[in-house]
>>> print(open('data00.txt').read())   # compact mmCIF, C-alpha atoms
# COMPACT_ATOMS: atom_id res chain seq x y z
CA MET A 951 28.62 163.13 17.41
CA ARG A 952 28.22 160.10 19.64
CA ASP A 953 29.10 156.84 17.91
CA ARG A 954 26.83 153.87 18.35
CA LEU A 955 27.84 150.20 18.39
CA GLU A 956 25.05 147.66 17.91
CA ILE A 957 25.51 143.93 18.19
CA LYS A 958 22.53 142.17 16.67
CA ASN A 959 21.85 138.50 17.19
CA LEU A 960 25.55 137.64 16.93
CA SER A 961 26.51 134.00 16.81
CA LYS A 962 29.80 132.19 16.35
CA LYS A 963 30.60 128.54 15.91
CA LEU A 964 34.09 127.33 16.80
CA GLY A 965 34.71 123.76 15.71
CA SER A 966 31.50 121.89 16.51
CA ARG A 967 30.53 124.18 19.41
CA MET A 968 28.24 127.18 19.15
CA VAL A 969 30.08 129.60 21.44
CA LEU A 970 27.79 132.59 20.94
CA ARG A 971 24.07 132.13 20.24
CA GLY A 972 22.38 135.34 19.28
CA VAL A 973 24.11 137.91 21.44
CA SER A 974 22.55 141.38 21.21
CA PHE A 975 23.44 144.62 22.98
CA SER A 976 24.35 148.16 22.12
CA ALA A 977 26.68 150.86 23.40
CA GLU A 978 27.41 154.52 22.75
CA THR A 979 30.42 156.77 23.07
CA GLY A 980 31.05 157.23 26.77
CA ASP A 981 29.96 153.71 27.68
CA LEU A 982 32.27 151.47 29.65
CA ILE A 983 31.08 147.87 29.62
CA VAL A 984 32.59 145.10 31.73
CA LEU A 985 32.03 141.72 30.12
CA THR A 986 32.19 138.76 32.48
CA GLY A 987 31.48 135.08 32.19
CA GLU A 988 32.92 131.71 33.00
CA ASN A 989 35.93 130.27 31.19
CA GLY A 990 34.90 129.26 27.68
CA SER A 991 31.77 131.41 27.70
CA GLY A 992 32.93 133.25 24.57
CA LYS A 993 34.28 136.54 25.95
CA THR A 994 37.48 136.56 23.88
CA THR A 995 35.57 135.26 20.85
CA MET A 996 33.23 138.22 21.28
CA LEU A 997 36.12 140.69 21.38
CA ARG A 998 37.71 139.14 18.28
CA LEU A 999 34.43 139.50 16.41
CA LEU A 1000 34.16 143.14 17.44
CA ALA A 1001 37.78 143.72 16.45
CA GLY A 1002 37.08 142.35 12.97
CA LEU A 1003 39.64 139.56 13.47
CA SER A 1004 37.01 136.89 13.01
CA ARG A 1005 33.76 136.70 11.05
CA PRO A 1006 30.49 135.89 12.80
CA THR A 1007 28.57 132.75 11.89
CA GLY A 1008 25.39 134.80 12.05
CA GLY A 1009 24.15 138.23 13.08
CA ALA A 1010 25.83 141.57 12.58
CA VAL A 1011 28.05 144.17 14.19
CA LEU A 1012 26.80 147.64 13.27
CA TRP A 1013 28.74 150.87 13.71
CA ASN A 1014 26.46 153.89 13.43
CA GLY A 1015 23.98 151.64 11.65
CA SER A 1016 26.42 150.33 9.07
CA PRO A 1017 27.73 146.74 9.06
CA TYR A 1018 31.48 146.75 9.88
CA GLY A 1019 31.25 150.49 9.25
CA ILE A 1020 33.94 151.49 11.72
CA GLU A 1021 36.80 153.26 10.02
CA HIS A 1022 40.07 151.40 9.66
CA GLY A 1023 42.37 152.16 12.57
CA SER A 1024 39.58 153.13 14.96
CA ILE A 1025 39.52 149.94 17.04
CA GLY A 1026 42.10 149.46 19.77
CA TYR A 1027 42.61 146.00 21.21
CA VAL A 1028 44.54 145.26 24.40
CA ALA A 1029 44.53 141.48 24.21
CA HIS A 1030 45.58 138.85 26.70
CA GLN A 1031 48.80 138.52 24.69
CA PRO A 1032 50.61 141.87 24.34
CA MET A 1033 50.77 141.63 20.50
CA LEU A 1034 54.31 143.04 20.34
CA TYR A 1035 57.43 142.21 18.36
CA ASP A 1036 60.01 140.67 20.67
CA ASN A 1037 63.07 141.58 18.61
CA LEU A 1038 62.09 145.22 18.19
CA THR A 1039 62.78 147.78 20.89
CA VAL A 1040 60.03 149.53 22.83
CA TRP A 1041 60.53 152.62 20.64
CA GLU A 1042 60.59 150.61 17.40
CA ASN A 1043 57.35 148.81 18.34
CA MET A 1044 55.66 152.17 18.89
CA GLN A 1045 57.26 153.72 15.79
CA PHE A 1046 56.09 150.83 13.61
CA PHE A 1047 52.45 151.23 14.65
CA ALA A 1048 52.65 155.06 14.55
CA ASN A 1049 53.78 154.77 10.92
CA LEU A 1050 50.94 152.37 10.08
CA TYR A 1051 48.35 154.60 11.77
CA ASP A 1052 49.97 157.68 10.24
CA ARG A 1053 50.42 159.25 13.67
CA PRO A 1054 53.21 161.74 14.47
CA LEU A 1055 56.24 160.20 16.15
CA THR A 1056 56.20 163.09 18.62
CA ALA A 1057 53.20 161.47 20.31
CA ILE A 1058 55.29 158.44 21.28
CA GLU A 1059 57.47 160.15 23.88
CA GLY A 1060 54.55 161.46 25.91
CA LEU A 1061 52.84 158.07 25.96
CA LEU A 1062 55.98 156.17 26.91
CA ARG A 1063 56.67 158.64 29.74
CA ARG A 1064 53.08 158.33 30.93
CA MET A 1065 53.35 154.54 30.99
CA GLY A 1066 56.73 154.63 32.74
CA LEU A 1067 58.43 153.07 29.72
CA TRP A 1068 60.61 155.97 28.53
CA VAL A 1069 63.71 154.61 30.31
CA PHE A 1070 63.19 151.28 28.53
CA ARG A 1071 62.74 152.78 25.05
CA HIS A 1072 65.97 151.27 23.69
CA GLU A 1073 65.36 147.84 25.20
CA LEU A 1074 63.98 144.92 23.21
CA ALA A 1075 60.34 144.17 24.03
CA GLU A 1076 61.27 140.58 24.92
CA ILE A 1077 63.24 141.63 27.99
CA LEU A 1078 60.32 143.55 29.48
CA SER A 1079 58.32 141.97 32.26
CA ARG A 1080 54.74 140.86 31.59
CA GLY A 1081 53.41 143.97 33.28
CA MET A 1082 55.67 146.30 31.29
CA GLN A 1083 54.66 144.57 28.05
CA GLN A 1084 51.03 145.12 29.04
CA ARG A 1085 51.77 148.82 29.56
CA LEU A 1086 53.40 148.97 26.13
CA ALA A 1087 50.36 147.30 24.57
CA LEU A 1088 48.17 149.95 26.21
CA ALA A 1089 50.46 152.73 24.95
CA ARG A 1090 50.19 151.30 21.42
CA VAL A 1091 46.40 151.43 21.59
CA LEU A 1092 46.30 154.97 23.00
CA LEU A 1093 48.67 156.11 20.24
CA MET A 1094 46.02 155.47 17.59
CA ASP A 1095 43.27 157.59 19.16
CA PRO A 1096 40.59 154.87 18.83
CA LYS A 1097 36.79 155.16 18.91
CA LEU A 1098 36.29 151.66 20.30
CA ILE A 1099 38.72 150.01 22.74
CA LEU A 1100 38.55 146.33 23.62
CA TYR A 1101 40.44 145.00 26.63
CA ASP A 1102 40.93 141.30 27.36
CA GLU A 1103 41.90 140.78 31.00
CA PRO A 1104 43.97 143.99 30.99
CA PHE A 1105 44.82 143.87 34.70
CA THR A 1106 46.70 140.57 34.33
CA GLY A 1107 50.34 140.96 35.26
CA LEU A 1108 50.05 144.60 36.29
CA ASP A 1109 51.40 145.77 39.64
CA SER A 1110 49.46 148.34 41.67
CA ALA A 1111 51.09 151.26 39.82
CA GLY A 1112 50.27 149.61 36.48
CA GLN A 1113 46.69 149.01 37.59
CA GLU A 1114 46.40 152.67 38.51
CA LEU A 1115 47.73 153.68 35.08
CA LEU A 1116 45.15 151.44 33.44
CA ARG A 1117 42.33 152.90 35.55
CA GLU A 1118 43.51 156.39 34.56
CA ALA A 1119 43.52 155.35 30.89
CA LEU A 1120 40.02 153.89 31.19
CA ALA A 1121 38.78 157.08 32.86
CA GLY A 1122 40.66 159.31 30.38
CA GLN A 1123 39.17 157.58 27.35
CA LYS A 1124 35.65 157.41 28.74
CA GLN A 1125 34.27 160.57 27.17
CA LYS A 1126 35.51 159.92 23.65
CA THR A 1127 35.31 156.14 23.18
CA ILE A 1128 33.23 153.04 23.73
CA GLN A 1129 35.22 150.69 25.98
CA ILE A 1130 34.54 147.00 26.52
CA VAL A 1131 36.59 145.25 29.18
CA VAL A 1132 36.67 141.49 29.65
CA SER A 1133 37.59 140.94 33.27
CA HIS A 1134 37.31 138.39 36.02
CA THR A 1135 38.28 141.12 38.47
CA PRO A 1136 35.78 143.96 38.02
CA HIS A 1137 36.47 145.06 41.59
CA LEU A 1138 39.77 146.45 40.27
CA MET A 1139 37.71 149.00 38.37
CA ALA A 1140 36.17 150.42 41.52
CA GLY A 1141 35.49 154.12 41.18
CA LEU A 1142 34.79 153.86 37.45
CA SER A 1143 31.19 153.91 36.36
CA PHE A 1144 30.47 150.91 34.17
CA ARG A 1145 27.71 148.65 32.94
CA HIS A 1146 28.00 144.96 33.64
CA LEU A 1147 27.29 142.45 30.87
CA LYS A 1148 27.44 138.74 31.58
CA LEU A 1149 27.91 136.04 28.96
CA ALA A 1150 26.31 132.71 29.81
CA ASP A 1151 25.09 129.86 27.60
CA GLY A 1152 26.08 131.85 24.53
CA LYS A 1153 23.79 134.78 25.41
CA ALA A 1154 24.44 138.20 26.96
CA HIS A 1155 22.58 139.38 30.05
CA TRP A 1156 22.79 142.89 31.48
CA GLY A 1157 23.83 142.75 35.11
CA GLY A 1158 23.32 146.32 36.27
CA VAL A 1159 25.41 149.46 36.67
CA SER A 1160 28.37 150.00 39.02
CA MET B 1414 46.61 154.28 -2.60
CA ASN B 1415 49.35 156.31 -0.91
CA GLY B 1416 48.41 154.77 2.44
CA TYR B 1417 48.43 151.30 0.85
CA LEU B 1418 51.93 151.70 -0.58
CA ARG B 1419 53.17 153.43 2.59
CA ASN B 1420 52.00 150.49 4.70
CA ILE B 1421 53.68 147.98 2.35
CA LYS B 1422 56.91 149.98 2.74
CA VAL B 1423 56.58 150.19 6.54
CA VAL B 1424 55.99 146.43 6.97
CA TYR B 1425 58.65 145.53 4.36
CA PHE B 1426 61.41 147.54 6.08
CA ARG B 1427 60.37 146.27 9.52
CA ASP B 1428 60.62 142.69 8.23
CA LEU B 1429 64.10 143.32 6.86
CA LYS B 1430 65.16 145.00 10.10
CA GLN B 1431 64.01 141.93 12.05
CA GLU B 1432 65.80 139.65 9.57
CA LEU B 1433 69.05 141.62 9.99
CA ARG B 1434 68.66 141.44 13.77
CA GLY B 1435 68.41 137.66 13.53
CA LEU B 1436 71.27 137.39 11.04
CA ASP B 1437 72.41 134.09 12.56
CA GLU B 1438 69.26 132.47 11.15
CA PHE B 1439 70.05 133.75 7.67
CA LEU B 1440 73.65 132.58 8.01
CA SER B 1441 72.53 129.09 9.03
CA MET B 1442 70.36 129.09 5.89
CA VAL B 1443 73.43 129.98 3.79
CA VAL B 1444 75.55 127.30 5.47
CA PHE B 1445 72.79 124.78 4.80
CA GLY B 1446 72.72 125.88 1.13
CA VAL B 1447 76.50 125.60 0.75
CA MET B 1448 76.45 122.12 2.32
CA LEU B 1449 73.70 120.99 -0.05
CA VAL B 1450 75.59 122.37 -3.06
CA PHE B 1451 78.85 120.79 -1.93
CA ILE B 1452 77.42 117.33 -1.28
CA THR B 1453 75.38 117.23 -4.49
CA SER B 1454 78.13 118.49 -6.77
CA PHE B 1455 80.67 116.18 -5.11
CA ALA B 1456 78.40 113.17 -5.60
CA PHE B 1457 77.87 113.97 -9.26
CA GLN B 1458 81.60 114.51 -9.87
CA LEU B 1459 82.04 110.82 -9.08
CA THR B 1460 79.84 109.98 -12.06
CA ASP B 1461 80.16 110.64 -15.79
CA VAL B 1462 77.43 113.28 -15.67
CA ASP B 1463 78.33 116.76 -16.98
CA THR B 1464 78.02 118.75 -13.73
CA SER B 1465 77.07 121.93 -15.59
CA ARG B 1466 73.77 120.21 -16.51
CA ILE B 1467 72.86 119.56 -12.88
CA LEU B 1468 73.58 123.14 -11.77
CA PRO B 1469 70.02 124.42 -12.45
CA ALA B 1470 68.38 121.59 -10.51
CA VAL B 1471 70.72 121.93 -7.52
CA LEU B 1472 70.29 125.71 -7.55
CA TRP B 1473 66.49 125.55 -7.42
CA VAL B 1474 66.33 122.72 -4.89
CA THR B 1475 68.59 124.82 -2.63
CA ILE B 1476 66.52 127.98 -3.15
CA PHE B 1477 63.31 125.99 -2.53
CA PHE B 1478 64.51 124.79 0.88
CA ALA B 1479 65.74 128.30 1.72
CA SER B 1480 62.37 129.77 0.75
CA GLU B 1481 60.56 127.43 3.12
CA LEU B 1482 62.79 128.51 5.98
CA ALA B 1483 62.46 132.20 5.10
CA VAL B 1484 58.67 132.34 4.80
CA GLN B 1485 58.06 130.24 7.90
CA ARG B 1486 60.42 132.46 9.91
CA SER B 1487 58.76 135.66 8.76
CA PHE B 1488 55.31 134.49 9.92
CA ALA B 1489 56.65 132.90 13.10
CA ARG B 1490 57.73 136.37 14.22
CA GLU B 1491 54.18 137.63 13.70
CA LYS B 1492 52.73 134.77 15.72
CA GLU B 1493 55.16 134.99 18.64
CA ARG B 1494 52.98 137.25 20.78
CA ASN B 1495 49.99 137.38 18.47
CA ALA B 1496 51.39 140.57 16.98
CA ILE B 1497 49.70 139.56 13.72
CA ASP B 1498 46.33 140.56 15.22
CA ALA B 1499 47.50 144.09 15.99
CA LEU B 1500 49.10 144.26 12.55
CA LEU B 1501 45.97 143.13 10.70
CA MET B 1502 43.86 145.64 12.62
CA ALA B 1503 46.30 148.40 11.72
CA LEU B 1504 46.54 147.49 8.04
CA GLY B 1505 42.90 147.50 7.07
CA ASP B 1506 43.52 145.90 3.69
CA LYS B 1507 45.07 142.53 4.45
CA SER B 1508 46.70 142.20 1.03
CA VAL B 1509 49.25 144.79 2.25
CA LEU B 1510 50.66 142.05 4.46
CA PHE B 1511 51.04 139.72 1.49
CA TYR B 1512 52.91 142.21 -0.69
CA ALA B 1513 55.16 143.41 2.14
CA LYS B 1514 56.05 139.89 3.25
CA ALA B 1515 56.42 138.53 -0.28
CA LEU B 1516 58.77 141.42 -1.12
CA ALA B 1517 60.80 140.87 2.05
CA ASN B 1518 61.03 137.11 1.40
CA PHE B 1519 61.92 137.82 -2.23
CA THR B 1520 64.76 140.14 -1.11
CA ILE B 1521 66.08 137.44 1.24
CA LEU B 1522 65.91 134.76 -1.49
CA LEU B 1523 67.61 137.04 -3.99
CA VAL B 1524 70.49 137.72 -1.58
CA PHE B 1525 70.66 133.99 -0.86
CA GLY B 1526 70.69 133.18 -4.61
CA VAL B 1527 73.43 135.74 -5.28
CA ILE B 1528 75.57 134.07 -2.56
CA ILE B 1529 74.82 130.47 -3.58
CA LEU B 1530 75.14 130.85 -7.36
CA PRO B 1531 78.92 131.59 -7.42
CA VAL B 1532 79.51 128.75 -4.94
CA LEU B 1533 77.57 126.41 -7.18
CA TRP B 1534 79.45 127.72 -10.21
CA ILE B 1535 82.76 126.84 -8.59
CA PHE B 1536 81.72 123.43 -7.25
CA CYS B 1537 80.09 122.38 -10.54
CA ASP B 1538 83.09 123.69 -12.48
CA VAL B 1539 80.99 125.51 -15.09
CA SER B 1540 82.54 127.76 -17.73
CA LEU B 1541 81.31 131.34 -17.79
CA ARG B 1542 81.90 131.55 -21.53
CA GLY B 1543 78.73 131.74 -23.60
CA VAL B 1544 76.41 132.13 -20.61
CA ASN B 1545 73.27 134.14 -21.38
CA LEU B 1546 73.49 136.51 -18.44
CA TRP B 1547 70.13 138.21 -19.05
CA LEU B 1548 68.29 134.90 -19.07
CA LEU B 1549 70.16 133.79 -15.95
CA VAL B 1550 69.23 137.01 -14.11
CA PHE B 1551 65.62 136.67 -15.32
CA SER B 1552 65.45 133.09 -13.98
CA LEU B 1553 66.92 134.03 -10.62
CA VAL B 1554 64.76 137.14 -10.13
CA TRP B 1555 61.40 135.83 -11.36
CA GLY B 1556 61.93 132.32 -10.01
CA SER B 1557 62.66 133.79 -6.57
CA TRP B 1558 59.61 136.08 -6.79
CA GLY B 1559 57.36 133.14 -7.71
CA LEU B 1560 58.68 131.12 -4.77
CA ALA B 1561 58.29 134.06 -2.39
CA ALA B 1562 54.73 134.80 -3.59
CA VAL B 1563 53.46 131.21 -3.39
CA GLY B 1564 55.31 130.56 -0.11
CA THR B 1565 53.97 133.73 1.51
CA MET B 1566 50.39 132.99 0.45
CA LEU B 1567 50.49 129.39 1.67
CA THR B 1568 52.24 130.27 4.93
CA ALA B 1569 49.54 132.85 5.62
CA MET B 1570 46.95 130.11 5.06
CA THR B 1571 48.64 127.65 7.40
CA VAL B 1572 49.80 130.10 10.06
CA GLN B 1573 46.33 130.14 11.68
CA LEU B 1574 46.31 126.34 11.87
CA PRO B 1575 47.72 124.51 14.88
CA ASN B 1576 49.95 122.42 12.64
CA SER B 1577 51.81 124.68 10.21
CA ARG B 1578 53.96 121.77 8.99
CA LEU B 1579 51.45 121.46 6.17
CA LEU B 1580 53.38 124.11 4.27
CA PRO B 1581 55.78 121.90 2.24
CA ILE B 1582 52.93 119.54 1.33
CA LEU B 1583 50.85 122.41 -0.01
CA MET B 1584 53.77 124.30 -1.51
CA PHE B 1585 55.36 121.60 -3.62
CA PRO B 1586 52.50 120.74 -6.04
CA LEU B 1587 51.81 124.41 -6.68
CA LEU B 1588 55.47 125.04 -7.42
CA ILE B 1589 56.03 122.17 -9.87
CA PRO B 1590 55.14 124.26 -12.98
CA LEU B 1591 57.41 127.08 -11.81
CA PHE B 1592 60.29 124.69 -11.12
CA ILE B 1593 60.03 123.07 -14.56
CA ALA B 1594 60.10 126.51 -16.21
CA VAL B 1595 62.90 128.12 -14.17
CA VAL B 1596 65.09 125.02 -14.34
CA ARG B 1597 64.71 125.06 -18.13
CA CYS B 1598 65.40 128.82 -18.26
CA THR B 1599 68.51 128.44 -16.08
CA ASP B 1600 69.70 125.48 -18.14
CA LEU B 1601 69.29 127.39 -21.42
CA ALA B 1602 71.03 130.42 -19.86
CA ILE B 1603 74.07 128.31 -18.89
CA LEU B 1604 74.21 126.68 -22.32
CA GLY B 1605 73.86 130.12 -23.92
CA VAL B 1606 70.96 128.88 -26.05
CA THR B 1607 68.18 131.37 -26.77
CA GLU B 1608 66.10 129.10 -28.98
CA GLY B 1609 63.01 127.95 -27.10
CA ALA B 1610 63.77 130.21 -24.13
CA LEU B 1611 61.04 132.72 -24.92
CA GLY B 1612 58.25 130.22 -24.27
CA TRP B 1613 59.63 129.44 -20.81
CA VAL B 1614 60.10 133.16 -20.12
CA TYR B 1615 56.43 133.78 -20.95
CA PHE B 1616 55.41 130.81 -18.81
CA VAL B 1617 57.31 132.08 -15.75
CA SER B 1618 55.96 135.61 -16.29
CA VAL B 1619 52.33 134.45 -16.46
CA TYR B 1620 52.79 132.17 -13.43
CA ASP B 1621 54.31 135.01 -11.40
CA LEU B 1622 51.63 137.45 -12.50
CA LEU B 1623 48.90 135.01 -11.48
CA PHE B 1624 50.34 134.41 -8.01
CA SER B 1625 51.03 138.14 -7.59
CA LEU B 1626 47.43 139.12 -8.30
CA LEU B 1627 45.57 136.18 -6.73
CA PRO B 1628 46.26 137.32 -3.14
CA LEU B 1629 44.56 140.66 -3.90
CA ILE B 1630 41.30 138.70 -3.98
CA LEU B 1631 42.16 135.80 -1.66
CA PHE B 1632 44.20 137.28 1.15
CA GLU B 1633 41.20 138.75 2.96
CA PHE B 1634 39.88 135.17 3.40
CA VAL B 1635 43.26 133.48 3.72
CA LEU B 1636 43.91 135.21 7.05
CA GLU B 1637 40.45 134.58 8.43
CA GLY B 1638 40.68 133.46 12.05
>>> encode(input="data00.txt", output="structure tokens")
Amino acid sequence: MRDRLEIKNLSKKLGSRMVLRGVSFSAETGDLIVLTGENGSGKTTMLRLLAGLSRPTGGAVLWNGSPYGIEHGSIGYVAHQPMLYDNLTVWENMQFFANLYDRPLTAIEGLLRRMGLWVFRHELAEILSRGMQQRLALARVLLMDPKLILYDEPFTGLDSAGQELLREALAGQKQKTIQIVVSHTPHLMAGLSFRHLKLADGKAHWGGVS
Amino acid sequence: MNGYLRNIKVVYFRDLKQELRGLDEFLSMVVFGVMLVFITSFAFQLTDVDTSRILPAVLWVTIFFASELAVQRSFAREKERNAIDALLMALGDKSVLFYAKALANFTILLVFGVIILPVLWIFCDVSLRGVNLWLLVFSLVWGSWGLAAVGTMLTAMTVQLPNSRLLPILMFPLLIPLFIAVVRCTDLAILGVTEGALGWVYFVSVYDLLFSLLPLILFEFVLEG
């Protein structure tokens, strides 16, 4: 069954500023949406609302018609910050989230090898470079087998090999997930078929298909 | 329910692992506690005050300061690289985070109390004869749990704010009833007096129960970003 995400008239006030003013759009499994907009246009706020990390001021996020109906553990979020524990090793970071998501530990090795992190598995996350931390954050998300994946500037800090790994992950997840990517560099996603959504003045505007 | 308890266990043991990895921070907390005990007991020895009567107050002031350090540290690790967001998304029920962190902070405070109490005993020159050990253990265990529970809840509330130095200001008024009760319990335990202790025991139990159950309802909103 194809899952359906509907954002209906979503608004969010941060401080005294209305960042989002009635944003509406929908997506289905297989959709890859690139969300663009100027700094402060509300892209990250939008992702946080979709991730359930923040409550909307108005409007609703519907998953298969149900408000906040997405099952726990089905949303993956690759944020601007890698969301890792510095004083845990690469393996321990993955093990911790595998235990929380009730995923087999055997899945970790394959993912770490795929991301080129296997050799660093005993190293503390804090000694990894920004790009390697970003790869680890991606591995953590792929571990949980999500239905909706949110990416906030995922190409930041990645070298060309890392960018290629990310493109492979985006392509690999396309058939089974809805993916929303906030990016100022959509050209890095060349070759991937995506819809372009632009946030401006608190509203979303479709910008065509690439 | 199995998933709920499993997640509490997973986060609890990860917290303790991180605490052990940063053992120097715990040791500095112990050194701070020993210094506080030494200075206070030394100052009171210069007066006519019976130092055994000040032991409960010094003990709980020391544990209070330690609890502030412990709870702030445990949430600082979550905030370092915004790991708390990934954690909250993984947990589903946010109260899991409260129980796991409160238990981890409680364990740290208990270990700290077990180290500090003998030091205090020596410096205050208190006789062990006639001490009501059960009441003393009750005070230490349930007093530490109350501190850990209130501290964890308030730290979670302030951790999303830019200025988390609000913690002591919020923590102190809420802890006054607990302090009065545990200081009385500890005092009665040292004196070996059981008369009147039951009322304080009930008081501490009800206080702890309240602050153990409140986060079940509140924690969902407490961590709202």
>>> interface_residues(input="data00.txt", of="chain A", to="chain B", cutoff="6 Å", atoms="all atoms listed in the file", output="list in words")
Ser1004, His1022, Gly1023, Gln1031, Met1033, Leu1034 and Leu1050 of chain A
>>> residues_around(input="data00.txt", residues="Phe1488 of chain B", least_positions_apart="3", cutoff="12 Å", atoms="all atoms listed in the file", output="ChimeraX atom specification")
/A:1035 /B:1428,1431-1432,1481-1485,1491-1497,1500,1510-1511,1513-1515,1517-1518,1564-1573,1577,1580,1636
>>> closest_residue(input="data00.txt", among="B:Ser1465, B:Lys1507, B:Ser1441, B:Trp1613", to="Gly1002 of chain A", atoms="all atoms listed in the file")
B:Lys1507
>>> atom_distance(input="data00.txt", atom1="atom CA of Leu1092 of chain A", atom2="atom CA of His1146 of chain A")
23.4 Å
>>> residues_near_point(input="data00.txt", point="(37.2, 147.5, 27.2)", cutoff="12 Å", atoms="all atoms listed in the file", output="mmCIF file with C-alpha atoms, keeping the file's coordinate frame")
data_model
loop_
_atom_site.group_PDB
_atom_site.id
_atom_site.type_symbol
_atom_site.label_atom_id
_atom_site.label_comp_id
_atom_site.auth_asym_id
_atom_site.auth_seq_id
_atom_site.Cartn_x
_atom_site.Cartn_y
_atom_site.Cartn_z
ATOM 1 C CA ALA A 977 26.680 150.860 23.400
ATOM 2 C CA GLY A 980 31.050 157.230 26.770
ATOM 3 C CA ASP A 981 29.960 153.710 27.680
ATOM 4 C CA LEU A 982 32.270 151.470 29.650
ATOM 5 C CA ILE A 983 31.080 147.870 29.620
ATOM 6 C CA VAL A 984 32.590 145.100 31.730
ATOM 7 C CA LEU A 985 32.030 141.720 30.120
ATOM 8 C CA THR A 986 32.190 138.760 32.480
ATOM 9 C CA LYS A 993 34.280 136.540 25.950
ATOM 10 C CA THR A 994 37.480 136.560 23.880
ATOM 11 C CA MET A 996 33.230 138.220 21.280
ATOM 12 C CA LEU A 997 36.120 140.690 21.380
ATOM 13 C CA LEU A 1000 34.160 143.140 17.440
ATOM 14 C CA ALA A 1001 37.780 143.720 16.450
ATOM 15 C CA ILE A 1025 39.520 149.940 17.040
ATOM 16 C CA GLY A 1026 42.100 149.460 19.770
ATOM 17 C CA TYR A 1027 42.610 146.000 21.210
ATOM 18 C CA VAL A 1028 44.540 145.260 24.400
ATOM 19 C CA ALA A 1029 44.530 141.480 24.210
ATOM 20 C CA LEU A 1088 48.170 149.950 26.210
ATOM 21 C CA VAL A 1091 46.400 151.430 21.590
ATOM 22 C CA PRO A 1096 40.590 154.870 18.830
ATOM 23 C CA LYS A 1097 36.790 155.160 18.910
ATOM 24 C CA LEU A 1098 36.290 151.660 20.300
ATOM 25 C CA ILE A 1099 38.720 150.010 22.740
ATOM 26 C CA LEU A 1100 38.550 146.330 23.620
ATOM 27 C CA TYR A 1101 40.440 145.000 26.630
ATOM 28 C CA ASP A 1102 40.930 141.300 27.360
ATOM 29 C CA GLU A 1103 41.900 140.780 31.000
ATOM 30 C CA PRO A 1104 43.970 143.990 30.990
ATOM 31 C CA PHE A 1105 44.820 143.870 34.700
ATOM 32 C CA LEU A 1116 45.150 151.440 33.440
ATOM 33 C CA ARG A 1117 42.330 152.900 35.550
ATOM 34 C CA ALA A 1119 43.520 155.350 30.890
ATOM 35 C CA LEU A 1120 40.020 153.890 31.190
ATOM 36 C CA ALA A 1121 38.780 157.080 32.860
ATOM 37 C CA GLN A 1123 39.170 157.580 27.350
ATOM 38 C CA LYS A 1124 35.650 157.410 28.740
ATOM 39 C CA THR A 1127 35.310 156.140 23.180
ATOM 40 C CA ILE A 1128 33.230 153.040 23.730
ATOM 41 C CA GLN A 1129 35.220 150.690 25.980
ATOM 42 C CA ILE A 1130 34.540 147.000 26.520
ATOM 43 C CA VAL A 1131 36.590 145.250 29.180
ATOM 44 C CA VAL A 1132 36.670 141.490 29.650
ATOM 45 C CA SER A 1133 37.590 140.940 33.270
ATOM 46 C CA PRO A 1136 35.780 143.960 38.020
ATOM 47 C CA MET A 1139 37.710 149.000 38.370
ATOM 48 C CA PHE A 1144 30.470 150.910 34.170
ATOM 49 C CA ARG A 1145 27.710 148.650 32.940
ATOM 50 C CA HIS A 1146 28.000 144.960 33.640
ATOM 51 C CA LEU A 1147 27.290 142.450 30.870
#
>>> atom_distance(input="data00.txt", atom1="atom CA of Ala1111 of chain A", atom2="atom CA of Gln1084 of chain A")
12.4 Å
>>> residues_around(input="data00.txt", residues="Ser991 of chain A", least_positions_apart="3", cutoff="12 Å", atoms="all atoms listed in the file", output="list of chain:residue names")
A:Lys962, A:Leu964, A:Arg967, A:Met968, A:Val969, A:Leu970, A:Arg971, A:Val973, A:Leu985, A:Thr986, A:Gly987, A:Glu988, A:Thr994, A:Thr995, A:Met996, A:Val1132, A:Lys1148, A:Leu1149, A:Ala1150, A:Asp1151, A:Gly1152, A:Lys1153, A:Ala1154
>>> atom_distance(input="data00.txt", atom1="atom CA of Met951 of chain A", atom2="atom CA of Asn1049 of chain A")
27.3 Å
>>> residues_around(input="data00.txt", residues="Leu1622 of chain B", least_positions_apart="6", cutoff="10 Å", atoms="all atoms listed in the file", output="PyMOL selection string")
chain B and resi 1555+1558-1559+1562+1616
>>> residues_near_point(input="data00.txt", point="(57.7, 132.7, -22.8)", cutoff="12 Å", atoms="only C-alpha atoms", output="list in words")
Leu1548, Phe1551, Ser1552, Ala1594, Val1595, Arg1597, Cys1598, Thr1607, Glu1608, Gly1609, Ala1610, Leu1611, Gly1612, Trp1613, Val1614, Tyr1615, Phe1616, Val1617, Ser1618, Val1619 and Tyr1620 of chain B
>>> closest_residue(input="data00.txt", among="B:Thr1464, B:Ser1487, B:Ser1540, B:Asn1545", to="Leu1516 of chain B", atoms="all atoms listed in the file")
B:Ser1487
>>> decode(input="data00.txt", residues="segment 1584-1596 of chain B", atoms="C-alpha atoms", output="mmCIF file, in the first residue's frame")
data_model
loop_
_atom_site.group_PDB
_atom_site.id
_atom_site.type_symbol
_atom_site.label_atom_id
_atom_site.label_comp_id
_atom_site.auth_asym_id
_atom_site.auth_seq_id
_atom_site.Cartn_x
_atom_site.Cartn_y
_atom_site.Cartn_z
ATOM 1 C CA MET B 1584 14.455 23.685 41.573
ATOM 2 C CA PHE B 1585 14.888 25.177 45.010
ATOM 3 C CA PRO B 1586 11.279 26.199 45.866
ATOM 4 C CA LEU B 1587 9.957 22.853 44.681
ATOM 5 C CA LEU B 1588 12.494 21.010 46.806
ATOM 6 C CA ILE B 1589 11.906 22.877 50.081
ATOM 7 C CA PRO B 1590 9.222 20.424 51.342
ATOM 8 C CA LEU B 1591 11.437 17.452 50.466
ATOM 9 C CA PHE B 1592 14.453 18.994 52.203
ATOM 10 C CA ILE B 1593 12.501 19.690 55.397
ATOM 11 C CA ALA B 1594 11.275 16.086 55.467
ATOM 12 C CA VAL B 1595 14.538 14.300 54.606
ATOM 13 C CA VAL B 1596 16.593 16.474 56.952
#
